[in-house]
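K.L.:
Mind looking over this structure? Questions follow.
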Amino acid sequence: MPNGTEAVGFKKRRWQLPATHPPTPDEIQLCRELQCDQIMARLLVARSLNSVDLAREFLDPRLTRLHGPELLHGMAAAAEIIALAIGRRQRIVLFGDYDVDGITGTAMLWRMLKTAGADVRYYIPHRVEEGYGMSVPAVERIAAEGCDLLISIDCGITALESVAKARSLGLKVIVSDHHTPGATLPEAQAIVHPLLGEPAYPNAHLCGAGVAFKLAWATANRLCGSPPLPTTYRNLLMEFLGLVALATIADVVPLMGENRILVKHGLAQIPRSEFVGIQALLAAAGFADRKIDGTAVGYFLAPRLNAAGRMDHAALAVELLTTPDPTRAAEIAQFLEKQNTQRQATERKIVEAAMAQVKTMADLPPGLVLWQQGWHAGVVGIVASRLVEAFHRPTFVLATDGQVAGGSARSIPGLNLHLAIEACRDLLISGGGHAAAGGVRLAHENLELFRQRFCAYVRQQMPENAFVASMAVDGWVEPRQLTTELVEWLERMAPFGHGNPRPRFALRQARIQAPPRRVGAGGTHLQLQLNADGILSHAIG
């Protein structure tokens with residue numbers, strides 16, 4: 001096959017095949033300085049790690065390279081407001097989102113403030129009954145119960161009306177968020193956000209829990225004065241790394257730079273966590289005393305935490321991560337296990353119904369907008385992800401009661417959902433998100449018009465060939481190059497995930513030597529024997 005070509009292969013994926021070329025000067029230098037082979041050097045250069053210093057920083061992500069919390073816009077003001085509230089014994093309420101990002105961020109800041117002696121509570125909205133974000137009714141309830149300082153976590157940057165209501169009721173407000181800001185910012189006393197300020201924070205992709213972690217860190221610095229922090233606070237911040245790793249992976253932000261440092265050390269922290277809720281979660285998911293990697297978080301741990309908000313109330317997950325009682329933690333973890341099982345069954349039913357809707361379409365449109373009465377609003381986001389995997393179209397999946405519809409969207413590379421939602425703003429009750437994911441609420445009567453407008457926007461923005469998924473191949477290899485040493489080098493590139501995918505290589509002229517057979521629980525894996533240039537290799541997938 002010609003160098004640098006593309007081919008459409010398995011599941012109609014466009015394979016992006018790399019060009020072959022002699023070793024470049026950068027690759028030669030990496031091989032010499034790192035004592036690695038050509039495959040590893042080429043892989044590092046392809047990921048823009050084309051100097052020895054960059055490669056070493058990537059392969060050895062140290063906590064000392066974390067950015068200081070004071071670099072975040074609004075951090076100094078926020079830490080000062082929190083310190084004053086603690087000193088005056090004022091009541092602080094944390095308003096967190098109901099996903100893993102908001103849950104873990106709320107748990108971290110709650111623990112830090114409790115350790116500092118604060119009068120602190122948390123409020124998590126009900127996903128189905130209240131919807132996303134800081135609503136005016138929620139703010140009114142919080143104010144009525146007695147609150148002096150309201151801190152948002154993983155939400156609030158577009159909650160102009162709610163922040164204004166809080167201010168009018170006499171509350172001070174700190175917004176900590178990472179979602180895309182609008183043209184107008186809320187009139188809070190402080191806004192902590194990685195996309196604001198000049199110069200902007202060095203890590204534009206810090207998740208909401210990452211922002212909360214930095215806020216907890218800055219608060220500890222402000223309360224304790226000059227460094228180093230007392231052991232109690234240092235140990236607490238180290239424990240928080242596990243929660244930041246959960247959120248960073250679950251929120252699908254790029255695992256490069258500072259995020260890579262946080263996740264690398266956070267994954268190592270999870271198995272040895274002293275938080276009884278983490279240990280109960282690991283036990284319930286079957287991961288007690290096991291190494292935790294990105295797959296374990298993305299497919300086993302995060303879905304169980306998310307099940308609280310999807311099927312019941314996310315406040316349960318915050319309680320799991322904050323309770324000191326092992327018995328209570330085990331009870332919640334077992335309940336979340338059952339909720340996750342129920343979520344999986346509900347998800348399967350909705351996926352089947354949504355697939356049936358798509359199959360009735362004469363022509364597959366550039367974007368999918370699907371709805372049905374009775375669909376569970378807590379799982380429509382996952383269903384949207386499944387449909388994107390199947391059809392490679394930006395997709396909205398909405399639950400409707402006949403009056404109001406609401407749900408979630410997932411996108412594909414090249415289509416910014418935040419901008420797409422803005423293009424339909426006049427049809428919506430509310431809506432927002434970022435490039436890859438979003439959510440909307442709208443009147444049921446506007447659904448068909450919304451579908452037409454969204455599809456027209458996608459058609460205008462995307463070329464026809466954008467609707468075939470691509471699969472990047474990192475390089476060609478020969479069977480003799482697949483050594484244990486190469487595998488060990490590749491594992492140093494972990495954790496893998498968004499922005500740092502697991503390396504994928506191609507074998508030339510490889511043929512299946514023997515009939516493949518299903519293996520594993522339920523026959524979910526396929527075992528092969530390959531013959532490439534007379535060398536037999538066993539493969540599993």
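Following the order of the structure tokens, chains are lettered A, B, ..., residues in each are numbered from 1, and ligands are numbered from 1.
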Taking the DSSP assignment computed from this structure's backbone, write out as a ChimeraX atom specification all residues of region 29-118 of chain A that belong to strand (DSSP E or B).

P.N.:
/A:73,91-96

K.L.:
Report as a short mmCIF file (atom, residue, chain, number, x, y, z; two decimals) with N, CA and C atoms, in the first residue's frame all protein, DNA and RNA residues lying within 12 Å of His178 (chain A), evaluated on only C-alpha atoms, omitting residues in the same chain fewer than 3 positions from it.

P.N.:
data_model
loop_
_atom_site.label_atom_id
_atom_site.label_comp_id
_atom_site.auth_asym_id
_atom_site.auth_seq_id
_atom_site.Cartn_x
_atom_site.Cartn_y
_atom_site.Cartn_z
N LEU A 72 -4.34 30.29 38.28
CA LEU A 72 -5.71 30.28 37.78
C LEU A 72 -6.38 31.64 38.01
N HIS A 73 -7.10 32.09 37.00
CA HIS A 73 -7.83 33.35 37.09
C HIS A 73 -8.78 33.34 38.28
N ASP A 97 -22.02 19.77 40.26
CA ASP A 97 -22.71 19.08 39.18
C ASP A 97 -22.89 17.61 39.57
N ASP A 101 -17.19 14.44 37.51
CA ASP A 101 -16.40 15.65 37.64
C ASP A 101 -16.91 16.51 38.80
N GLY A 102 -18.22 16.74 38.84
CA GLY A 102 -18.80 17.54 39.90
C GLY A 102 -18.81 16.83 41.24
N GLY A 105 -15.18 16.76 42.63
CA GLY A 105 -14.79 18.12 42.98
C GLY A 105 -15.46 18.58 44.26
N SER A 152 -19.78 27.30 43.39
CA SER A 152 -20.15 26.33 42.36
C SER A 152 -18.94 25.47 42.00
N ILE A 153 -19.21 24.22 41.64
CA ILE A 153 -18.14 23.28 41.26
C ILE A 153 -18.56 22.59 39.97
N ASP A 154 -17.78 22.78 38.92
CA ASP A 154 -18.04 22.18 37.61
C ASP A 154 -19.32 22.71 36.98
N CYS A 155 -19.72 23.90 37.33
CA CYS A 155 -20.90 24.54 36.75
C CYS A 155 -20.87 26.01 37.15
N GLY A 156 -21.81 26.78 36.59
CA GLY A 156 -21.99 28.15 37.04
C GLY A 156 -21.48 29.23 36.11
N ILE A 157 -20.63 28.89 35.14
CA ILE A 157 -20.03 29.93 34.32
C ILE A 157 -21.04 30.60 33.40
N THR A 158 -22.16 29.93 33.11
CA THR A 158 -23.21 30.55 32.29
C THR A 158 -24.47 30.84 33.11
N VAL A 175 -17.61 31.21 41.60
CA VAL A 175 -17.85 30.26 40.52
C VAL A 175 -16.54 29.56 40.19
N PRO A 181 -16.99 29.65 28.66
CA PRO A 181 -17.70 30.85 29.12
C PRO A 181 -18.48 31.50 27.98
N GLY A 182 -19.56 32.19 28.33
CA GLY A 182 -20.30 32.95 27.35
C GLY A 182 -19.71 34.34 27.17
N ILE A 191 -14.37 34.37 40.12
CA ILE A 191 -14.56 33.31 39.13
C ILE A 191 -13.22 32.63 38.92
N VAL A 192 -13.18 31.33 39.20
CA VAL A 192 -11.96 30.54 39.02
C VAL A 192 -12.17 29.68 37.78
N HIS A 193 -11.38 29.94 36.74
CA HIS A 193 -11.62 29.28 35.45
C HIS A 193 -10.34 29.23 34.63
N PRO A 194 -10.01 28.08 34.04
CA PRO A 194 -8.74 27.97 33.30
C PRO A 194 -8.71 28.70 31.96
N LEU A 195 -9.87 29.11 31.44
CA LEU A 195 -9.90 29.78 30.14
C LEU A 195 -9.94 31.29 30.24
N LEU A 196 -9.97 31.81 31.46
CA LEU A 196 -10.05 33.26 31.65
C LEU A 196 -8.70 33.81 32.09
N TYR A 201 -4.38 30.37 32.03
CA TYR A 201 -3.77 29.27 32.76
C TYR A 201 -3.08 28.33 31.76
N ASN A 203 -2.84 25.21 31.48
CA ASN A 203 -3.58 23.99 31.13
C ASN A 203 -5.03 24.36 30.83
N ALA A 204 -5.33 24.56 29.55
CA ALA A 204 -6.69 24.95 29.16
C ALA A 204 -7.68 23.81 29.31
N HIS A 205 -7.20 22.58 29.50
CA HIS A 205 -8.06 21.41 29.53
C HIS A 205 -8.23 20.84 30.94
N LEU A 206 -7.98 21.63 31.96
CA LEU A 206 -8.22 21.20 33.33
C LEU A 206 -9.71 20.94 33.52
N CYS A 207 -10.06 19.79 34.09
CA CYS A 207 -11.48 19.47 34.29
C CYS A 207 -12.02 20.20 35.52
N GLY A 208 -13.33 20.08 35.76
CA GLY A 208 -13.95 20.78 36.88
C GLY A 208 -13.39 20.36 38.22
N ALA A 209 -13.15 19.05 38.40
CA ALA A 209 -12.56 18.57 39.65
C ALA A 209 -11.12 19.05 39.77
N GLY A 210 -10.43 19.18 38.63
CA GLY A 210 -9.08 19.73 38.67
C GLY A 210 -9.08 21.17 39.17
N VAL A 211 -10.06 21.95 38.74
CA VAL A 211 -10.20 23.33 39.22
C VAL A 211 -10.50 23.32 40.72
N ALA A 212 -11.38 22.41 41.17
CA ALA A 212 -11.71 22.30 42.59
C ALA A 212 -10.48 21.88 43.40
N THR A 248 -10.81 13.32 35.66
CA THR A 248 -10.12 13.67 34.42
C THR A 248 -10.38 12.64 33.34
N ASP A 251 -14.27 12.68 32.42
CA ASP A 251 -14.70 13.86 31.66
C ASP A 251 -14.04 13.94 30.29
N VAL A 253 -11.02 14.57 29.06
CA VAL A 253 -10.15 15.68 28.67
C VAL A 253 -8.79 15.11 28.27
N GLY A 433 -22.65 23.54 26.69
CA GLY A 433 -21.70 22.44 26.64
C GLY A 433 -20.37 22.89 26.11
N HIS A 434 -19.63 21.97 25.51
CA HIS A 434 -18.34 22.30 24.92
C HIS A 434 -18.26 21.62 23.55
#

K.L.:
Give me, as a ChimeraX atom specification, all polymer residues having an atom no more than 12 Å from region 277-293 of chain A, counting only C-alpha atoms and skipping those fewer than 6 positions away in the same chain.

P.N.:
/A:104,107,239-240,242-243,245-246,249,263-271,299-305,316-338,340-341,491,494-497

K.L.:
Let me make sure I understand: among A:Glu33, A:Phe467, A:Leu43, A:Lys172, which one has the smallest atom-to-atom distance to Ala85 (chain A) if we use only C-alpha atoms?

P.N.:
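Distance minimum relative to Ala85 (chain A) lands on A:Lys172.
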
K.L.:
Please determine, counting only C-alpha atoms, which residue among A:Leu428, A:Ile382, A:Ala55, A:Ala46 has the shortest atom-to-atom distance to Arg410 (chain A).

P.N.:
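Counting only C-alpha atoms, the residue closest to Arg410 (chain A) is A:Ile382.
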
K.L.:
Have a look at A:Met256, A:Ala315, A:Ala510, A:Ala166 and name the one nearest to Leu59 (chain A); count only C-alpha atoms.

P.N.:
A:Met256

K.L.:
What's around His392 (chain A) at 8 Å? Count only C-alpha atoms, leave out sequence neighbours fewer than 6 positions away in its own chain, and write the answer as number ranges by chain.

P.N.:
A: 412, 467-469

K.L.:
In terms of the shortest atom-to-atom distance over only C-alpha atoms, which of A:Asp533, A:Pro515, A:Val440, A:Arg47 is closest to Glu478 (chain A)?

P.N.:
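Once distances to Glu478 (chain A) are computed over only C-alpha atoms, the minimum belongs to A:Asp533.
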
K.L.:
Which value, in Å to one decimal, gives the distance between CA of Arg508 (chain A) and CA of Leu490 (chain A)?

P.N.:
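Between these atoms lies a distance of 20.6 Å.
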